Amino acid sequence: MEFAELIKTPRVDNVVLHRPFLPQVEGTLCLTGHHLILSSRQDSTEELWLLHSNIDSIEKRFVGSMGTIIIKCKDLRIIQLDIPGMEECLNIASSIEALSTLDSALLMYPFFYRPMFEVVEDGWKSFLPEQAFKHIESMTNEWRLSQVNKDFSVCPSYSPVVIVPKSIDDDTLRKVATFRHMGRFPVLSYYHKKNGMVMMRSGQPLTGTNGRRCKEDEKLINATLRVGKRGFIIDTRTLSLAQQAKARGGGFEQEAHYPQWRRIHKTIDRSSILQESLIKLVEACNDQSHNMDRWLSKLEASNWLTHVKEILTTACLAAQCIDREGASVLVHGTEGTDSTLQVTSLAQIILDPTCRTMRGFESLVEREWLQAGHPFHVRCAQSAYSNSKPKLEAPVFLLFLDSVWQILRQFPCSFQFNEHFLIMLFEHAYASQFGTFLGNNAFDRVKLKLPEKTVSLWSWVNRPQELHKFLNPLYESNSLVIWPSVAPQSLLLWEGVFLRWNRSSRYLDEAYEEMIHIIEYNKELQTKVNALRRQLAELETEDPLLETP
């Protein structure tokens with residue numbers, strides 16, 4: 001298919017652009033296969049380059065011969081275009097709708113994007129499972145790297161290599177895979193260096209109404225326990241939902257078959273509920289009525305902060321089991337691709353200071369989201385403004401990033417990255433020139449040949465020219481476990497995402513710049529103090545009479 005077939009009117013002059021907190025601009029609107037571009041002849045006016053894939057929905061309005069298109073974006077921005085001529089307006093709107101809803105991943109911009117920068121580090125090779133295993137191997141010899149899934153035949157949503165107990169062979173893994181939802185047998189998620197406890201993740205067991213049993217599954221899970229130790233299975237569904245799953249062939253671990261494991265049910269809502277929650281929250285944030293009761297009522301009705309609280313509470317529980325109870329943990333819900341990953345990744349941020357560094361967090365996103373099979377393509381297909389009824393869309397990854405921001409806000413000196421880094425990841429998960437978040441799992445990415453045909457987001461982020469924008473100037477390495485408060489009073493609305501297009505951040509930006517200036521000035525003074533101390537020490541060495549009292 002040629003993009004030209006979808007573009008009825010490629011160019012319109014005298015279009016007026018309205019954007020939040022920026023003066024209106026009159027210029028020429030151009031449509032390409034992947035971008036909506038508005039450029040002006042006015043000096044110092046920034047061009048608008050908007051990816052079609054960032055467009056969630058559009059609305060059309062007409063007053064006489066003048067047409068208006070309101071574009072609602074997946075990054076929650078709202079843009080207005082005033083277009084002279086009804087026919088031109090209808091043609092532009094029709095083209096935008098067609099270009100922003102392309103089905104084929106091969107037609108997405110990452111396959112056509114050519115970087116204007118030199119790719120020094122290939123991000124596709126930066127965080128391979130083999131590298132993560134080397135780190136595990138340096139601490140323990142009880143685990144091995146299995147290639148049982150090298151052709152994706154055992155589990156289509158796992159990566160080709162996974163970390164499993166050394167005592168479990170590949171034939172056993174194949175049998176366990178037939179007993180777990182979507183073949184997602186238990187694999188290592190995290191090894192706690194302090195006490196050797198581990199966190200694993202999987203899909204639900206397929207016990208069904210007959211109480212089916214799998215001795216290989218029991219053997220695999222028990223292989224992670226130390227002698228005389230118990231473990232915890234954290235199920236991210238309510239007990240009633242887990243019991244209902246039995247009727248559909250799913251279920252949960254029977255205590256009689258897993259006597260060394262205690263099962264705990266923690267409620268994290270399903271994806272469809274999360275999508276409705278996001279829609280309600282964004283609607284509340286865009287309400288211009290300035291009525292306090294209305295705002296608070298809508299914010300509460302969205303339940304967004306309740307979802308944040310549930311996820312953080314469950315992650316803290318998993319971390320507590322590992323660090324304070326000295327017990328290993330298995331986390332799963334139904335599929336093991338949504339709430340499971342939220343819990344395992346947040347627990348690691350709490351427990352492991354490495355995950356609070358820039359590269360450590362990038363590695364975490366790769367391991368626990370991309371390689372672990374979170375279906376980004378379907379979950380991020382629509383955002384909060386879509387007119388179509390939600391199918392598989394859900395802000396699972398955004399909710400995780402929000403939860404990270406809550407911890408970052410409570411421990412502002414313990415993270416090497418800043419809020420801008422989290423916002424950037426949110427934006428690129430929904431629309432990007434990079435191939436990192438394309439596809440639903442590692443199998444999809446292999447079929448699409450993403451490493452050969454697209455550029456990795458990490459190749460761009462980790463360039464020194466970009467990296468400094470995402471570094472936290474307050475960062476001081478903290479090797480301790482950090483325990484965030486999950487009390488309702490401690491959780492705030494993430495203004496940097498949900499209010500950034502509704503309220504100017506100018507004064508916050510100025511304050512941030514001043515803070516950086518103060519920190520840099522403090523470093524300069526500290527350097528001078530250290531130099532003077534060295535000079536004084538040298539003088540004292542030369543003349544003992546100069547010794548300070």
# chains A, B, ... in the order shown; residues from 1 in each chain; ligands from 1

call {"tool": "select_by_dssp", "arguments": {"residues": "region 6-125 of chain A", "states": "helix (DSSP H, G or I)", "output": "ChimeraX atom specification"}}
result
/A:6,52-54,86-99,105-107,109-111,123-125

call {"tool": "residues_around", "arguments": {"residues": "Arg367 (chain A)", "least_positions_apart": "4", "cutoff": "8 Å", "atoms": "only C-alpha atoms", "output": "list of chain:residue names"}}
result
A:Phe127, A:Pro129, A:Ser363, A:Gln371, A:Ala372

call {"tool": "write_last_selection", "arguments": {"atoms": "all heavy atoms", "output": "PDB file, in the first residue's frame"}}
result
ATOM      1  N   PHE A 127      21.099  -4.922  26.664  1.00  0.00           N
ATOM      2  CA  PHE A 127      20.528  -5.588  27.843  1.00  0.00           C
ATOM      3  C   PHE A 127      20.039  -6.994  27.506  1.00  0.00           C
ATOM      4  O   PHE A 127      18.869  -7.327  27.673  1.00  0.00           O
ATOM      5  CB  PHE A 127      19.372  -4.746  28.416  1.00  0.00           C
ATOM      6  CG  PHE A 127      19.751  -3.319  28.699  1.00  0.00           C
ATOM      7  CD1 PHE A 127      19.301  -2.297  27.886  1.00  0.00           C
ATOM      8  CD2 PHE A 127      20.574  -3.007  29.770  1.00  0.00           C
ATOM      9  CE1 PHE A 127      19.655  -0.976  28.137  1.00  0.00           C
ATOM     10  CE2 PHE A 127      20.933  -1.697  30.039  1.00  0.00           C
ATOM     11  CZ  PHE A 127      20.469  -0.678  29.217  1.00  0.00           C
ATOM     12  N   PRO A 129      19.614 -11.102  27.864  1.00  0.00           N
ATOM     13  CA  PRO A 129      19.449 -11.990  29.023  1.00  0.00           C
ATOM     14  C   PRO A 129      20.765 -12.601  29.501  1.00  0.00           C
ATOM     15  O   PRO A 129      20.954 -12.827  30.693  1.00  0.00           O
ATOM     16  CB  PRO A 129      18.498 -13.078  28.506  1.00  0.00           C
ATOM     17  CG  PRO A 129      17.757 -12.447  27.377  1.00  0.00           C
ATOM     18  CD  PRO A 129      18.723 -11.486  26.751  1.00  0.00           C
ATOM     19  N   SER A 363      17.581  -1.579  32.036  1.00  0.00           N
ATOM     20  CA  SER A 363      17.689  -3.042  32.046  1.00  0.00           C
ATOM     21  C   SER A 363      16.434  -3.676  32.638  1.00  0.00           C
ATOM     22  O   SER A 363      15.950  -4.702  32.146  1.00  0.00           O
ATOM     23  CB  SER A 363      18.921  -3.459  32.862  1.00  0.00           C
ATOM     24  OG  SER A 363      18.990  -4.852  32.993  1.00  0.00           O
ATOM     25  N   GLN A 371      11.194  -8.216  27.410  1.00  0.00           N
ATOM     26  CA  GLN A 371      11.540  -9.636  27.270  1.00  0.00           C
ATOM     27  C   GLN A 371      10.547 -10.539  27.999  1.00  0.00           C
ATOM     28  O   GLN A 371      10.400 -11.709  27.651  1.00  0.00           O
ATOM     29  CB  GLN A 371      12.957  -9.873  27.796  1.00  0.00           C
ATOM     30  CG  GLN A 371      14.044  -9.184  26.968  1.00  0.00           C
ATOM     31  CD  GLN A 371      15.390  -9.132  27.677  1.00  0.00           C
ATOM     32  OE1 GLN A 371      15.592  -9.775  28.705  1.00  0.00           O
ATOM     33  NE2 GLN A 371      16.310  -8.338  27.152  1.00  0.00           N
ATOM     34  N   ALA A 372       9.860  -9.984  28.993  1.00  0.00           N
ATOM     35  CA  ALA A 372       8.899 -10.794  29.768  1.00  0.00           C
ATOM     36  C   ALA A 372       7.527 -10.867  29.112  1.00  0.00           C
ATOM     37  O   ALA A 372       6.629 -11.529  29.640  1.00  0.00           O
ATOM     38  CB  ALA A 372       8.768 -10.232  31.184  1.00  0.00           C
TER      39      ALA A 372
END

call {"tool": "closest_atom_pairs", "arguments": {"of": "region 258-368 of chain A", "to": "region 441-444 of chain A", "cutoff": "12 Å", "atoms": "only C-alpha atoms", "output": "CSV"}}
result
residue,atom,partner,partner_atom,distance
A:Thr337,CA,A:Asn441,CA,9.9
A:Glu366,CA,A:Ala442,CA,10.4
A:Arg367,CA,A:Ala442,CA,10.8
A:Glu368,CA,A:Asn441,CA,11.4

call {"tool": "write_last_selection", "arguments": {"atoms": "all heavy atoms", "output": "PDB file, in the first residue's frame"}}
result
ATOM      1  N   THR A 337       1.340 -11.235  32.428  1.00  0.00           N
ATOM      2  CA  THR A 337       1.963 -10.257  31.527  1.00  0.00           C
ATOM      3  C   THR A 337       1.621  -8.815  31.889  1.00  0.00           C
ATOM      4  O   THR A 337       2.080  -7.895  31.223  1.00  0.00           O
ATOM      5  CB  THR A 337       1.523 -10.506  30.067  1.00  0.00           C
ATOM      6  OG1 THR A 337       0.085 -10.471  30.006  1.00  0.00           O
ATOM      7  CG2 THR A 337       2.022 -11.835  29.555  1.00  0.00           C
ATOM      8  N   GLU A 366      13.673  -3.629  30.107  1.00  0.00           N
ATOM      9  CA  GLU A 366      13.929  -4.681  29.112  1.00  0.00           C
ATOM     10  C   GLU A 366      13.569  -6.060  29.662  1.00  0.00           C
ATOM     11  O   GLU A 366      12.823  -6.805  29.038  1.00  0.00           O
ATOM     12  CB  GLU A 366      15.414  -4.667  28.712  1.00  0.00           C
ATOM     13  CG  GLU A 366      15.747  -3.713  27.585  1.00  0.00           C
ATOM     14  CD  GLU A 366      15.295  -4.215  26.221  1.00  0.00           C
ATOM     15  OE1 GLU A 366      15.000  -5.416  26.094  1.00  0.00           O
ATOM     16  OE2 GLU A 366      15.224  -3.397  25.294  1.00  0.00           O
ATOM     17  N   ARG A 367      14.094  -6.391  30.863  1.00  0.00           N
ATOM     18  CA  ARG A 367      13.913  -7.731  31.441  1.00  0.00           C
ATOM     19  C   ARG A 367      12.461  -7.998  31.812  1.00  0.00           C
ATOM     20  O   ARG A 367      11.899  -9.036  31.471  1.00  0.00           O
ATOM     21  CB  ARG A 367      14.753  -7.879  32.715  1.00  0.00           C
ATOM     22  CG  ARG A 367      16.200  -8.083  32.558  1.00  0.00           C
ATOM     23  CD  ARG A 367      16.833  -8.574  33.859  1.00  0.00           C
ATOM     24  NE  ARG A 367      16.247  -8.060  35.084  1.00  0.00           N
ATOM     25  CZ  ARG A 367      16.599  -6.946  35.700  1.00  0.00           C
ATOM     26  NH1 ARG A 367      17.545  -6.189  35.165  1.00  0.00           N
ATOM     27  NH2 ARG A 367      16.022  -6.566  36.830  1.00  0.00           N
ATOM     28  N   GLU A 368      11.887  -7.068  32.576  1.00  0.00           N
ATOM     29  CA  GLU A 368      10.599  -7.329  33.217  1.00  0.00           C
ATOM     30  C   GLU A 368       9.396  -6.884  32.399  1.00  0.00           C
ATOM     31  O   GLU A 368       8.256  -7.135  32.784  1.00  0.00           O
ATOM     32  CB  GLU A 368      10.553  -6.657  34.589  1.00  0.00           C
ATOM     33  CG  GLU A 368      11.529  -7.241  35.589  1.00  0.00           C
ATOM     34  CD  GLU A 368      11.269  -8.714  35.864  1.00  0.00           C
ATOM     35  OE1 GLU A 368      10.201  -9.058  36.386  1.00  0.00           O
ATOM     36  OE2 GLU A 368      12.146  -9.543  35.540  1.00  0.00           O
TER      37      GLU A 368
END

call {"tool": "closest_residue", "arguments": {"among": "A:Phe417, A:Phe3, A:Trp124, A:Tyr258", "to": "Pro451 (chain A)", "atoms": "only C-alpha atoms"}}
result
A:Trp124

call {"tool": "select_by_dssp", "arguments": {"residues": "region 160-274 of chain A", "states": "strand (DSSP E or B)", "output": "PyMOL selection string"}}
result
chain A and resi 162-165+180+187-191+198-201+205+231-235+261-265

call {"tool": "write_last_selection", "arguments": {"atoms": "C-alpha atoms", "output": "short mmCIF file (atom, residue, chain, number, x, y, z; two decimals), in the first residue's frame"}}
result
data_model
loop_
_atom_site.label_atom_id
_atom_site.label_comp_id
_atom_site.auth_asym_id
_atom_site.auth_seq_id
_atom_site.Cartn_x
_atom_site.Cartn_y
_atom_site.Cartn_z
CA VAL A 162 15.36 -17.80 30.48
CA ILE A 163 16.93 -18.28 33.91
CA VAL A 164 15.76 -21.39 35.79
CA PRO A 165 16.99 -23.58 38.70
CA ARG A 180 0.85 -22.92 33.08
CA VAL A 187 11.27 -18.23 35.71
CA LEU A 188 13.68 -16.17 37.78
CA SER A 189 12.84 -12.50 38.05
CA TYR A 190 15.19 -11.36 40.83
CA TYR A 191 17.92 -12.75 43.10
CA VAL A 198 14.46 -15.11 44.90
CA MET A 199 11.40 -13.76 43.16
CA MET A 200 9.89 -15.73 40.28
CA ARG A 201 7.00 -14.99 37.94
CA PRO A 205 -1.60 -22.95 36.91
CA GLY A 231 7.79 -19.49 50.26
CA PHE A 232 4.97 -17.11 49.36
CA ILE A 233 2.78 -17.23 46.25
CA ILE A 234 1.38 -13.76 45.58
CA ASP A 235 -1.71 -14.03 43.37
CA TRP A 261 4.13 -22.33 50.07
CA ARG A 262 1.63 -19.90 51.53
CA ARG A 263 -0.72 -18.30 48.99
CA ILE A 264 -1.70 -14.62 49.41
CA HIS A 265 -4.34 -12.94 47.24
#

call {"tool": "closest_residue", "arguments": {"among": "A:Asp338, A:Asp170, A:Glu362, A:Asp543", "to": "Leu398 (chain A)", "atoms": "only C-alpha atoms"}}
result
A:Asp338

call {"tool": "atom_distance", "arguments": {"atom1": "CA of Asn522 (chain A)", "atom2": "CA of Thr357 (chain A)"}}
result
22.8 Å

call {"tool": "closest_residue", "arguments": {"among": "A:Val63, A:Asn286, A:Ser479, A:Trp460", "to": "Leu499 (chain A)", "atoms": "only C-alpha atoms"}}
result
A:Asn286

call {"tool": "residues_around", "arguments": {"residues": "Leu50 (chain A)", "least_positions_apart": "4", "cutoff": "8 Å", "atoms": "only C-alpha atoms", "output": "count of residues only"}}
result
4

call {"tool": "closest_residue", "arguments": {"among": "A:Thr207, A:Gln348, A:Asn387, A:Thr236", "to": "Gln320 (chain A)", "atoms": "only C-alpha atoms"}}
result
A:Gln348

call {"tool": "residues_around", "arguments": {"residues": "Tyr430 (chain A)", "least_positions_apart": "3", "cutoff": "12 Å", "atoms": "only C-alpha atoms", "output": "ChimeraX atom specification"}}
result
/A:51-56,73-76,376-384,393-398,423-427,433-439

call {"tool": "residues_around", "arguments": {"residues": "Ser297 (chain A)", "least_positions_apart": "5", "cutoff": "9 Å", "atoms": "only C-alpha atoms", "output": "short mmCIF file (atom, residue, chain, number, x, y, z; two decimals) with N, CA, C and O atoms, in the first residue's frame"}}
result
data_model
loop_
_atom_site.label_atom_id
_atom_site.label_comp_id
_atom_site.auth_asym_id
_atom_site.auth_seq_id
_atom_site.Cartn_x
_atom_site.Cartn_y
_atom_site.Cartn_z
N ALA A 284 -11.36 14.30 34.16
CA ALA A 284 -11.35 15.15 35.36
C ALA A 284 -10.29 16.24 35.24
O ALA A 284 -10.53 17.41 35.57
N MET A 292 -14.26 23.04 43.00
CA MET A 292 -13.45 22.16 43.85
C MET A 292 -14.14 20.83 44.13
O MET A 292 -13.54 19.76 44.01
N SER A 302 -12.42 8.33 39.50
CA SER A 302 -11.54 7.69 38.52
C SER A 302 -10.83 6.45 39.11
O SER A 302 -10.46 5.54 38.38
#
